[in-house]
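Everything below belongs to query.tsv, which stores TSV, C-alpha atoms.
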```tsv
chain	number	residue	atom	x	y	z
A	1020	MET	CA	25.09	-0.19	-7.07
A	1021	LYS	CA	23.90	-2.37	-9.91
A	1022	ALA	CA	21.49	-0.72	-12.35
A	1023	VAL	CA	17.81	-1.44	-11.79
A	1024	PRO	CA	16.68	-4.22	-14.18
A	1025	ARG	CA	14.39	-3.15	-17.02
A	1026	GLN	CA	11.61	-5.45	-15.83
A	1027	THR	CA	11.61	-3.81	-12.39
A	1028	LYS	CA	11.40	-0.39	-14.04
A	1029	VAL	CA	8.37	-1.54	-16.07
A	1030	LEU	CA	6.68	-2.93	-12.95
A	1031	THR	CA	7.40	0.28	-11.05
A	1032	PHE	CA	5.94	2.38	-13.88
A	1033	GLY	CA	2.92	0.06	-13.93
A	1034	VAL	CA	2.29	0.43	-10.20
A	1035	PHE	CA	2.74	4.22	-10.56
A	1036	LEU	CA	-0.03	4.32	-13.18
A	1037	THR	CA	-2.19	1.97	-11.09
A	1038	MET	CA	-1.91	4.08	-7.93
A	1039	THR	CA	-2.45	7.25	-9.94
A	1040	GLY	CA	-5.69	5.74	-11.23
A	1041	LEU	CA	-6.82	4.50	-7.82
A	1042	THR	CA	-6.35	7.94	-6.26
A	1043	LEU	CA	-7.73	9.86	-9.24
A	1044	VAL	CA	-11.25	9.23	-7.97
A	1045	ALA	CA	-10.47	9.81	-4.28
A	1046	PRO	CA	-11.38	13.53	-4.18
A	1047	ILE	CA	-14.74	13.10	-5.92
A	1048	LEU	CA	-16.00	9.61	-5.02
A	1049	PRO	CA	-18.19	10.56	-2.02
A	1050	LEU	CA	-19.54	13.59	-3.93
A	1051	TYR	CA	-20.32	11.45	-6.98
A	1052	ALA	CA	-22.22	9.00	-4.78
A	1053	ARG	CA	-24.24	11.82	-3.21
A	1054	GLU	CA	-25.48	12.80	-6.67
A	1055	PHE	CA	-27.53	9.59	-6.59
A	1056	GLY	CA	-29.32	10.87	-3.47
A	1057	VAL	CA	-27.75	8.44	-0.98
A	1058	SER	CA	-26.63	9.08	2.59
A	1059	ARG	CA	-23.09	9.87	3.71
A	1060	THR	CA	-22.89	6.37	5.14
A	1061	ALA	CA	-23.74	4.90	1.74
A	1062	ALA	CA	-21.13	7.15	0.15
A	1063	GLY	CA	-18.55	5.84	2.60
A	1064	ALA	CA	-19.57	2.29	1.74
A	1065	LEU	CA	-18.02	2.78	-1.71
A	1066	ILE	CA	-14.62	3.04	-0.03
A	1067	SER	CA	-15.29	0.08	2.27
A	1068	ALA	CA	-16.55	-2.10	-0.60
A	1069	PHE	CA	-13.34	-1.49	-2.53
A	1070	ALA	CA	-11.18	-2.35	0.49
A	1071	VAL	CA	-13.14	-5.51	1.33
A	1072	ALA	CA	-12.94	-6.69	-2.30
A	1073	ARG	CA	-9.17	-6.27	-2.21
A	1074	LEU	CA	-9.01	-8.12	1.09
A	1075	VAL	CA	-10.97	-11.07	-0.32
A	1076	PHE	CA	-8.97	-11.31	-3.53
A	1077	ASP	CA	-5.40	-10.79	-2.22
A	1078	VAL	CA	-4.64	-14.44	-1.47
A	1079	ILE	CA	-6.60	-15.69	-4.50
A	1080	GLY	CA	-4.62	-13.35	-6.75
A	1081	GLY	CA	-1.35	-14.49	-5.22
A	1082	ILE	CA	-2.12	-18.18	-5.68
A	1083	ALA	CA	-3.31	-17.52	-9.24
A	1084	SER	CA	0.03	-15.80	-9.94
A	1085	ASP	CA	1.86	-18.88	-8.67
A	1086	ARG	CA	-0.23	-21.08	-10.93
A	1087	VAL	CA	-0.35	-19.24	-14.27
A	1088	GLY	CA	2.39	-16.62	-13.85
A	1089	SER	CA	2.26	-12.95	-12.93
A	1090	LYS	CA	1.96	-11.41	-16.40
A	1091	PRO	CA	-1.54	-12.66	-17.37
A	1092	ILE	CA	-2.88	-11.82	-13.89
A	1093	MET	CA	-1.50	-8.26	-14.15
A	1094	VAL	CA	-2.95	-7.78	-17.62
A	1095	GLY	CA	-6.31	-9.17	-16.54
A	1096	GLY	CA	-6.35	-6.96	-13.45
A	1097	ALA	CA	-5.57	-3.84	-15.52
A	1098	VAL	CA	-8.33	-4.66	-18.03
A	1099	LEU	CA	-10.77	-5.17	-15.14
A	1100	LEU	CA	-9.80	-1.75	-13.77
A	1101	ALA	CA	-10.57	-0.19	-17.16
A	1102	VAL	CA	-13.92	-1.99	-17.50
A	1103	SER	CA	-15.04	-1.15	-13.96
A	1104	SER	CA	-14.08	2.50	-14.47
A	1105	VAL	CA	-16.21	2.74	-17.62
A	1106	GLY	CA	-19.06	1.18	-15.65
A	1107	ALA	CA	-18.61	3.72	-12.85
A	1108	ALA	CA	-18.59	6.63	-15.32
A	1109	LEU	CA	-21.86	5.38	-16.88
A	1110	ALA	CA	-23.48	4.17	-13.63
A	1111	PRO	CA	-27.26	4.75	-13.79
A	1112	ASN	CA	-27.74	4.35	-10.03
A	1113	TYR	CA	-25.92	3.86	-6.75
A	1114	GLY	CA	-26.24	0.06	-6.73
A	1115	PHE	CA	-24.49	-0.20	-10.09
A	1116	LEU	CA	-21.74	2.15	-8.88
A	1117	LEU	CA	-21.24	-0.03	-5.81
A	1118	ILE	CA	-20.78	-3.13	-8.00
A	1119	THR	CA	-18.16	-1.35	-10.09
A	1120	ARG	CA	-16.23	-0.51	-6.92
A	1121	VAL	CA	-16.17	-4.19	-5.95
A	1122	LEU	CA	-14.86	-5.10	-9.42
A	1123	GLU	CA	-12.29	-2.33	-9.14
A	1124	GLY	CA	-11.14	-3.83	-5.83
A	1125	PHE	CA	-10.70	-7.25	-7.51
A	1126	GLY	CA	-8.73	-5.70	-10.38
A	1127	SER	CA	-6.55	-3.67	-8.04
A	1128	ALA	CA	-5.74	-6.68	-5.86
A	1129	ALA	CA	-4.98	-8.84	-8.89
A	1130	PHE	CA	-2.55	-6.34	-10.40
A	1131	ALA	CA	-0.80	-5.30	-7.19
A	1132	THR	CA	-0.37	-8.84	-5.85
A	1133	ALA	CA	0.88	-10.23	-9.16
A	1134	ALA	CA	3.29	-7.33	-9.65
A	1135	MET	CA	4.76	-7.76	-6.18
A	1136	GLN	CA	4.94	-11.54	-6.74
A	1137	MET	CA	7.03	-10.96	-9.85
A	1138	VAL	CA	9.35	-8.58	-8.02
A	1139	VAL	CA	9.82	-11.16	-5.25
A	1140	SER	CA	10.33	-14.14	-7.55
A	1141	THR	CA	12.84	-12.42	-9.86
A	1142	THR	CA	14.95	-10.45	-7.36
A	1143	PRO	CA	18.00	-11.93	-5.59
A	1144	LYS	CA	17.39	-11.84	-1.85
A	1145	GLU	CA	20.59	-9.88	-1.23
A	1146	ARG	CA	19.12	-6.99	-3.26
A	1147	MET	CA	15.48	-7.34	-2.18
A	1148	GLY	CA	15.49	-4.24	0.02
A	1149	ARG	CA	16.79	-1.89	-2.67
A	1150	THR	CA	14.50	-3.37	-5.29
A	1151	MET	CA	11.45	-3.04	-3.03
A	1152	ALA	CA	12.44	0.54	-2.24
A	1153	PHE	CA	12.64	1.41	-5.94
A	1154	TYR	CA	9.28	-0.30	-6.52
A	1155	GLN	CA	7.74	1.70	-3.68
A	1156	THR	CA	8.72	4.97	-5.36
A	1157	GLY	CA	6.20	4.17	-8.09
A	1158	LEU	CA	3.49	3.55	-5.52
A	1159	LEU	CA	4.26	6.74	-3.59
A	1160	GLY	CA	4.48	8.78	-6.76
A	1161	GLY	CA	1.06	7.60	-7.92
A	1162	ILE	CA	-0.50	8.38	-4.55
A	1163	SER	CA	0.95	11.90	-4.74
A	1164	VAL	CA	-0.12	12.67	-8.32
A	1165	GLY	CA	-3.54	10.99	-8.47
A	1166	PRO	CA	-5.66	13.18	-6.16
A	1167	VAL	CA	-4.41	16.42	-7.76
A	1168	LEU	CA	-5.01	15.14	-11.28
A	1169	GLY	CA	-8.43	13.80	-10.33
A	1170	GLY	CA	-9.50	17.10	-8.80
A	1171	PHE	CA	-8.53	19.04	-11.92
A	1172	ALA	CA	-10.24	16.47	-14.17
A	1173	ALA	CA	-13.50	16.85	-12.24
A	1174	GLU	CA	-13.31	20.64	-12.46
A	1175	LEU	CA	-12.71	20.54	-16.21
A	1176	GLY	CA	-15.52	18.03	-16.79
A	1177	ASP	CA	-17.78	16.52	-14.15
A	1178	PHE	CA	-17.64	13.78	-11.51
A	1179	SER	CA	-17.51	11.05	-14.16
A	1180	THR	CA	-14.43	12.52	-15.90
A	1181	PRO	CA	-11.85	11.03	-13.49
A	1182	PHE	CA	-13.36	7.58	-14.09
A	1183	TRP	CA	-12.97	7.96	-17.86
A	1184	LEU	CA	-9.35	8.96	-17.30
A	1185	TYR	CA	-8.94	5.97	-14.97
A	1186	ALA	CA	-10.29	3.67	-17.72
A	1187	VAL	CA	-7.71	5.00	-20.18
A	1188	LEU	CA	-4.95	4.45	-17.62
A	1189	GLY	CA	-6.15	0.87	-17.10
A	1190	LEU	CA	-5.75	0.14	-20.80
A	1191	VAL	CA	-2.34	1.83	-20.88
A	1192	ILE	CA	-1.24	-0.34	-17.93
A	1193	ALA	CA	-2.39	-3.49	-19.73
A	1194	VAL	CA	-0.39	-2.55	-22.85
A	1195	VAL	CA	2.72	-1.59	-20.84
A	1196	VAL	CA	2.71	-4.92	-19.01
A	1197	TRP	CA	1.88	-6.97	-22.11
A	1198	ARG	CA	4.71	-5.46	-24.15
A	1199	GLY	CA	7.24	-4.74	-21.41
A	1200	ILE	CA	7.17	-7.83	-19.18
A	1201	GLU	CA	8.55	-11.20	-20.16
A	1202	PRO	CA	6.50	-14.25	-19.12
A	1203	SER	CA	7.59	-15.52	-15.73
A	1204	ALA	CA	10.35	-18.09	-15.91
A	1205	THR	CA	9.50	-19.44	-12.47
A	1206	ARG	CA	7.94	-22.84	-11.96
A	1207	LYS	CA	4.15	-22.84	-12.19
A	1208	ALA	CA	2.98	-24.32	-8.90
A	1209	PRO	CA	-0.18	-26.44	-8.73
A	1210	ILE	CA	-3.01	-24.71	-6.86
A	1211	SER	CA	-2.97	-27.40	-4.16
A	1212	GLU	CA	0.73	-26.75	-3.57
A	1213	SER	CA	0.17	-22.99	-3.25
A	1214	TYR	CA	-2.65	-23.53	-0.75
A	1215	ARG	CA	-0.43	-25.88	1.27
A	1216	ALA	CA	2.32	-23.26	1.24
A	1217	ALA	CA	-0.15	-20.63	2.45
A	1218	ARG	CA	-1.32	-22.90	5.29
A	1219	LYS	CA	2.28	-23.58	6.34
A	1220	LEU	CA	3.09	-19.86	6.30
A	1221	VAL	CA	0.23	-18.95	8.66
A	1222	MET	CA	1.47	-21.62	11.09
A	1223	ARG	CA	4.94	-20.03	11.30
A	1224	ALA	CA	5.57	-17.63	14.17
A	1225	ASP	CA	7.83	-15.40	12.07
A	1226	PHE	CA	5.30	-15.00	9.27
A	1227	LEU	CA	2.42	-14.41	11.70
A	1228	ALA	CA	4.57	-11.72	13.33
A	1229	LEU	CA	5.13	-10.16	9.90
A	1230	MET	CA	1.38	-10.17	9.22
A	1231	PHE	CA	0.77	-8.42	12.55
A	1232	VAL	CA	3.41	-5.82	11.67
A	1233	ALA	CA	1.68	-5.18	8.33
A	1234	LEU	CA	-1.71	-4.94	10.05
A	1235	ALA	CA	-0.41	-2.47	12.64
A	1236	ILE	CA	1.30	-0.25	10.06
A	1237	PHE	CA	-1.79	0.03	7.89
A	1238	VAL	CA	-4.15	0.57	10.84
A	1239	MET	CA	-1.89	3.49	11.78
A	1240	ARG	CA	-1.73	4.85	8.22
A	1241	ALA	CA	-5.43	4.56	7.43
A	1242	GLY	CA	-6.67	5.32	10.93
A	1243	ALA	CA	-4.34	7.94	12.36
A	1244	ARG	CA	-2.79	9.66	9.32
A	1245	ILE	CA	-5.64	9.48	6.79
A	1246	THR	CA	-8.65	9.67	9.14
A	1247	LEU	CA	-7.63	11.38	12.39
A	1248	LEU	CA	-5.04	13.85	11.13
A	1249	PRO	CA	-7.32	15.82	8.75
A	1250	LEU	CA	-10.08	15.93	11.40
A	1251	TYR	CA	-7.68	17.02	14.14
A	1252	ALA	CA	-5.99	19.64	11.98
A	1253	GLY	CA	-9.30	21.06	10.76
A	1254	GLU	CA	-11.52	20.83	13.84
A	1255	GLU	CA	-9.01	21.31	16.66
A	1256	LEU	CA	-6.33	23.50	15.09
A	1257	GLY	CA	-8.52	25.33	12.55
A	1258	LEU	CA	-6.16	24.71	9.63
A	1259	SER	CA	-7.37	25.31	6.09
A	1260	GLU	CA	-7.73	22.57	3.49
A	1261	SER	CA	-4.56	23.74	1.74
A	1262	GLN	CA	-2.58	23.67	4.99
A	1263	ILE	CA	-3.82	20.15	5.74
A	1264	GLY	CA	-2.84	19.12	2.23
A	1265	LEU	CA	0.67	20.53	2.75
A	1266	VAL	CA	1.05	18.62	6.01
A	1267	ILE	CA	0.09	15.34	4.34
A	1268	ALA	CA	2.14	16.05	1.21
A	1269	ALA	CA	5.27	16.91	3.24
A	1270	ALA	CA	5.41	13.41	4.70
A	1271	ALA	CA	4.82	11.79	1.29
A	1272	ILE	CA	7.56	13.83	-0.40
A	1273	VAL	CA	10.11	13.15	2.34
A	1274	THR	CA	9.26	9.44	2.27
A	1275	MET	CA	9.91	9.36	-1.47
A	1276	LEU	CA	13.32	10.99	-0.93
A	1277	VAL	CA	14.33	8.63	1.87
A	1278	VAL	CA	12.89	5.32	0.67
A	1279	ASN	CA	15.77	4.34	-1.63
A	1280	PRO	CA	18.51	5.01	0.97
A	1281	GLY	CA	16.26	3.06	3.34
A	1282	GLY	CA	16.33	0.11	0.95
A	1283	TRP	CA	20.13	0.22	0.94
A	1284	LEU	CA	20.13	0.11	4.75
A	1285	VAL	CA	17.78	-2.87	4.74
A	1286	ASP	CA	20.19	-4.80	2.50
A	1287	ARG	CA	23.36	-3.58	4.23
A	1288	ILE	CA	22.42	-3.60	7.93
A	1289	GLY	CA	19.55	-6.08	7.97
A	1290	ARG	CA	15.76	-6.27	7.76
A	1291	ARG	CA	14.97	-6.62	11.46
A	1292	PRO	CA	17.05	-3.76	12.95
A	1293	VAL	CA	15.80	-1.26	10.36
A	1294	LEU	CA	12.21	-2.46	10.86
A	1295	ILE	CA	12.33	-2.18	14.65
A	1296	ALA	CA	14.02	1.24	14.54
A	1297	GLY	CA	11.50	2.48	11.96
A	1298	LEU	CA	8.53	1.21	13.99
A	1299	LEU	CA	9.72	2.83	17.23
A	1300	LEU	CA	10.57	6.15	15.57
A	1301	THR	CA	7.23	6.22	13.76
A	1302	ALA	CA	5.43	5.31	17.01
A	1303	ALA	CA	6.96	8.38	18.66
A	1304	ALA	CA	6.13	10.58	15.67
A	1305	ILE	CA	2.48	9.53	15.38
A	1306	ALA	CA	1.92	9.73	19.17
A	1307	ALA	CA	3.30	13.29	19.14
A	1308	HIS	CA	0.70	14.46	16.59
A	1309	GLY	CA	-1.78	15.21	19.37
A	1310	LEU	CA	0.74	17.52	21.06
A	1311	MET	CA	1.08	19.83	18.06
A	1312	THR	CA	-0.97	23.01	18.27
A	1313	THR	CA	0.32	25.00	15.28
A	1314	PHE	CA	0.60	24.54	11.53
A	1315	GLY	CA	4.40	24.91	11.67
A	1316	GLY	CA	4.76	22.31	14.40
A	1317	LEU	CA	2.54	19.81	12.60
A	1318	LEU	CA	4.36	20.41	9.31
A	1319	LEU	CA	7.77	19.85	10.93
A	1320	LEU	CA	6.50	16.71	12.66
A	1321	SER	CA	5.22	15.39	9.34
A	1322	VAL	CA	8.72	15.74	7.88
A	1323	GLY	CA	10.06	13.59	10.72
A	1324	PHE	CA	7.20	11.16	10.24
A	1325	GLY	CA	8.06	10.87	6.55
A	1326	ILE	CA	11.65	9.86	7.38
A	1327	SER	CA	10.67	7.24	9.95
A	1328	ALA	CA	7.83	5.92	7.77
A	1329	ALA	CA	10.29	5.33	4.92
A	1330	LEU	CA	12.52	3.26	7.21
A	1331	MET	CA	9.51	1.38	8.56
A	1332	GLY	CA	7.90	0.72	5.19
A	1333	ILE	CA	10.65	-1.14	3.29
A	1334	PRO	CA	11.44	-4.16	5.55
A	1335	PRO	CA	7.92	-5.72	5.68
A	1336	PRO	CA	7.47	-6.36	1.91
A	1337	THR	CA	11.15	-7.34	1.76
A	1338	LEU	CA	10.57	-9.91	4.49
A	1339	ALA	CA	7.49	-11.20	2.67
A	1340	GLY	CA	9.82	-11.95	-0.22
A	1341	ASP	CA	12.55	-13.43	1.95
A	1342	LEU	CA	10.15	-15.78	3.77
A	1343	ALA	CA	8.34	-16.91	0.63
A	1344	PRO	CA	8.83	-20.59	-0.30
A	1345	THR	CA	10.24	-21.08	-3.80
A	1346	GLY	CA	7.38	-21.44	-6.27
A	1347	ALA	CA	4.83	-20.07	-3.80
A	1348	GLU	CA	5.88	-16.41	-3.73
A	1349	GLY	CA	2.34	-15.38	-4.67
A	1350	ALA	CA	0.88	-17.10	-1.63
A	1351	SER	CA	3.30	-15.23	0.63
A	1352	VAL	CA	2.64	-11.89	-1.05
A	1353	GLY	CA	-1.12	-12.49	-0.98
A	1354	LEU	CA	-1.14	-13.23	2.77
A	1355	TYR	CA	1.04	-10.20	3.48
A	1356	ARG	CA	-1.22	-7.94	1.42
A	1357	MET	CA	-4.32	-9.41	3.06
A	1358	ALA	CA	-3.02	-8.39	6.48
A	1359	ALA	CA	-2.21	-4.90	5.19
A	1360	ASP	CA	-5.62	-4.48	3.54
A	1361	LEU	CA	-7.31	-5.67	6.75
A	1362	GLY	CA	-5.55	-2.77	8.44
A	1363	LEU	CA	-6.98	-0.42	5.81
A	1364	VAL	CA	-10.47	-1.72	6.61
A	1365	ILE	CA	-10.11	-1.64	10.40
A	1366	GLY	CA	-8.06	1.54	10.83
A	1367	PRO	CA	-10.54	4.27	9.84
A	1368	VAL	CA	-13.42	2.67	11.77
A	1369	ALA	CA	-11.42	1.94	14.92
A	1370	MET	CA	-9.66	5.31	15.10
A	1371	GLY	CA	-12.82	7.16	14.15
A	1372	TYR	CA	-14.64	5.44	17.02
A	1373	VAL	CA	-11.90	6.36	19.49
A	1374	ALA	CA	-12.03	10.01	18.42
A	1375	GLU	CA	-15.82	10.20	18.25
A	1376	ASP	CA	-15.96	12.41	21.35
A	1377	GLY	CA	-12.99	14.51	20.26
A	1378	SER	CA	-10.28	12.34	21.87
A	1379	PHE	CA	-7.81	12.83	19.03
A	1380	GLU	CA	-4.80	12.70	21.34
A	1381	LEU	CA	-5.90	9.27	22.60
A	1382	GLY	CA	-6.26	8.02	19.04
A	1383	PHE	CA	-2.72	9.11	18.15
A	1384	LEU	CA	-1.36	7.54	21.34
A	1385	LEU	CA	-3.11	4.24	20.60
A	1386	ALA	CA	-1.69	4.24	17.07
A	1387	GLY	CA	1.78	4.72	18.56
A	1388	ALA	CA	1.21	1.94	21.09
A	1389	LEU	CA	0.15	-0.40	18.28
A	1390	LEU	CA	3.44	0.26	16.45
A	1391	ILE	CA	5.39	-0.44	19.65
A	1392	ALA	CA	3.56	-3.77	19.91
A	1393	ALA	CA	4.51	-4.42	16.28
A	1394	ALA	CA	8.16	-3.73	17.14
A	1395	GLY	CA	7.86	-6.37	19.86
A	1396	ALA	CA	6.36	-8.82	17.37
A	1397	ALA	CA	9.24	-8.10	14.97
A	1398	MET	CA	11.60	-9.66	17.51
A	1399	PHE	CA	10.11	-13.03	16.51
A	1400	ILE	CA	11.28	-12.55	12.91
A	1401	GLY	CA	14.79	-13.86	12.34
A	1402	GLU	CA	17.24	-11.84	10.26
A	1403	THR	CA	16.91	-12.95	6.62
A	1404	ARG	CA	19.51	-10.73	4.93
A	1405	THR	CA	22.01	-12.51	2.70
A	1406	VAL	CA	25.42	-11.38	1.48
A	1407	ASP	CA	25.95	-9.12	-1.52
A	1408	ASP	CA	29.70	-9.32	-2.17
A	1409	ARG	CA	29.56	-6.40	-4.59
A	1410	ASP	CA	28.62	-4.06	-1.74
A	1411	GLY	CA	31.02	-5.57	0.75
A	1412	ALA	CA	28.15	-6.54	3.04
A	1413	GLN	CA	28.57	-9.06	5.80
A	1414	PRO	CA	26.10	-11.85	6.44
A	1415	GLY	CA	23.22	-11.20	8.75
A	1416	VAL	CA	22.66	-13.26	11.87
A	1417	SER	CA	20.01	-15.93	11.46
```
What would you get if you wrote out this structure as structure tokens?
Amino acid sequence: MKAVPRQTKVLTFGVFLTMTGLTLVAPILPLYAREFGVSRTAAGALISAFAVARLVFDVIGGIASDRVGSKPIMVGGAVLLAVSSVGAALAPNYGFLLITRVLEGFGSAAFATAAMQMVVSTTPKERMGRTMAFYQTGLLGGISVGPVLGGFAAELGDFSTPFWLYAVLGLVIAVVVWRGIEPSATRKAPISESYRAARKLVMRADFLALMFVALAIFVMRAGARITLLPLYAGEELGLSESQIGLVIAAAAIVTMLVVNPGGWLVDRIGRRPVLIAGLLLTAAAIAAHGLMTTFGGLLLLSVGFGISAALMGIPPPTLAGDLAPTGAEGASVGLYRMAADLGLVIGPVAMGYVAEDGSFELGFLLAGALLIAAAGAAMFIGETRTVDDRDGAQPGVS
């Protein structure tokens, strides 16, 4: 296998630092909000405000990347993350803290969309799966490290300490990108052309199917795994916080181990078969969560979930790159990320509502059914894999 290009390594390191920063504040954010004397609902609004801001800015960030190039958008997003984190650390009241979360959402969307746009626009399609898999290791690593680091930072200082650390990371990210990334050599598309490309994409059955797949996956992740699983494990099974953490961490670690072989499969076998297999296997795994009654059973199931989630997670961003029109990669990435972020907004609310009366099993079953529907939608996406002669691959079927 060809060595990973230096630019991809820099982008992967950048997204690792970004995700570390985003999850640094996860353990303490609701507690920090409560110090201002607000309700639990208001504390939860800090999470929703961030997600909605990302949702709003995804497509704008993608089109901006098409117009001016990815590098300045990434640097600007990183600087905005640093500034908003300083504001959060110094927030005099809840309203000010809420505004900083919105700005943080804009900065996060700008960086993540521009980074993915650069990966898409500079990677040969025959190696898109492996490149996306390598890029995802940075994202998964940051998600794994951030909460632990943030918890220790808060214990050593106070609730504002993780935000100060986040601000430093934002500046480090800006420097890493500024010094490590060459300006994009791709054509700078006029804004009107990017908007036209976006409109054409949302009129295509294959791209709409991809957006539904992204929505379904992130509804499942945010709703079933992040929201329902901790509640089910704690309230129904009586597991401790450390046991719940181990269950969640097991899936993340296994996914990190499997994601790169999964990228090879996506390039060698094809995007669609790996996607459909991953969706169906993950549907079975998430539906089975409600049948587990012991810590050991849930831990073992999470290992299986981690494997299937790795197979499921690589094809969608790869397809977003494959289906992107030349010069409008940012528009494609922005629309894909918008669908995913919509899932992050809808998932916790929808699954929380379903399980309001303790119907956790029903929530897990519905999450599985949604992934099965996504597998059906994936049938409308033609195979986009191209040949890589160096690996002896054969062409996919269009």
Residue neighbourhood Arg1240 in chain A, 10 Å, only C-alpha atoms, exclusion window fewer than 2 positions, as an MDAnalysis selection string: chainID A and resid 1234:1238 1242:1247 1305 1328 1362:1363 1366:1367 1386
Tell me, as JSON, numbers by chain, which residues lie within 7 Å of range 1053-1057 of chain A, counting only C-alpha atoms; anything in the same chain fewer than 4 positions away does not count. {"A": [1049, 1061, 1062, 1112, 1113]}
For CA of Gly1096 in chain A and CA of Leu1190 in chain A, the interatomic separation in Å (one decimal): 10.2 Å
Edge lengths and centre, in Å to one decimal, as lines of an AutoDock Vina configuration file: that's what I need for the box along x, y and z that holds all listed atoms of range 1218-1222 of chain A plus 6 Å on each side.
```
center_x = 0.9
center_y = -21.3
center_z = 8.2
size_x = 16.4
size_y = 16.6
size_z = 17.8
```
Have a look at CA of Leu1318 in chain A and CA of Thr1156 in chain A and let me know their distance in Å, one decimal.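 Taking CA of Leu1318 in chain A as the start and CA of Thr1156 in chain A as the end point, the length is 21.7 Å.
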Of the candidates A:Ala1097, A:Met1239, A:Leu1048, A:Ala1393, which shows the shortest atom-to-atom distance to Arg1120 in chain A, using all atoms listed in the file?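 Looking at the shortest contact to Arg1120 in chain A, the residue is A:Leu1048.
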Each range 1268-1338 of chain A residue no farther than 8 Å from range 1253-1257 of chain A, nearest pair in Å, all atoms listed in the file, as a tab-separated table:
```
residue	atom	partner	partner_atom	distance
A:Thr1312	CA	A:Leu1256	CA	6.3
A:Thr1313	CA	A:Leu1256	CA	6.8
A:Phe1314	CA	A:Leu1256	CA	7.9
```
Considering only C-alpha atoms, can you say which of A:Thr1141, A:Thr1180, A:Thr1345, A:Thr1132 comes closest to Met1357 in chain A?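 When distances to Met1357 in chain A are compared using only C-alpha atoms, the smallest one comes from A:Thr1132.
Across the model, the gap from CA of Thr1039 in chain A to CA of Glu1123 in chain A is 13.8 Å.
Nearest to Ile1333 in chain A of all the residues A:Ile1400, A:Ala1388, A:Leu1298, A:Ala1107 is A:Leu1298, counting only C-alpha atoms.
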Applying 6 Å and all atoms listed in the file, which residues near range 1164-1175 of chain A remain after dropping the ones on its own chain fewer than 3 positions away? List them as a ChimeraX atom specification. /A:1039,1042-1044,1161,1178,1180-1181
Dump as a Markdown table the rows for residues of range 1323-1417 of chain A within 9 Å of range 1064-1082 of chain A: closest atom pair and distance in Å with one decimal, all atoms listed in the file counted, ordered by chain and rising residue number.
```
| residue | atom | partner | partner_atom | distance |
| --- | --- | --- | --- | --- |
| A:Ala1347 | CA | A:Ile1082 | CA | 7.4 |
| A:Glu1348 | CA | A:Gly1081 | CA | 7.6 |
| A:Gly1349 | CA | A:Gly1081 | CA | 3.8 |
| A:Ala1350 | CA | A:Gly1081 | CA | 5.0 |
| A:Ser1351 | CA | A:Gly1081 | CA | 7.5 |
| A:Val1352 | CA | A:Gly1081 | CA | 6.3 |
| A:Gly1353 | CA | A:Val1078 | CA | 4.1 |
| A:Leu1354 | CA | A:Val1078 | CA | 5.6 |
| A:Tyr1355 | CA | A:Asp1077 | CA | 8.6 |
| A:Arg1356 | CA | A:Asp1077 | CA | 6.2 |
| A:Met1357 | CA | A:Leu1074 | CA | 5.2 |
| A:Ala1358 | CA | A:Leu1074 | CA | 8.1 |
| A:Ala1359 | CA | A:Leu1074 | CA | 8.6 |
| A:Asp1360 | CA | A:Leu1074 | CA | 5.5 |
| A:Leu1361 | CA | A:Leu1074 | CA | 6.4 |
| A:Leu1363 | CA | A:Ala1070 | CA | 7.0 |
| A:Val1364 | CA | A:Ala1070 | CA | 6.2 |
```
Option closest in space to Pro1336 in chain A, from A:Pro1280, A:Gly1323, A:Gly1148, A:Pro1292 [counting all atoms listed in the file]: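 The closest residue to Pro1336 in chain A is A:Gly1148.
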When distances are computed from all atoms listed in the file, which of A:Leu1188, A:Val1098, A:Ala1268, A:Leu1227 shows the smallest separation from Pro1335 in chain A? A:Leu1227
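Counting all atoms listed in the file and comparing A:Leu1294, A:Ala1152, A:Leu1390, A:Ile1162, the residue that lies closest to Leu1276 in chain A is A:Ala1152.
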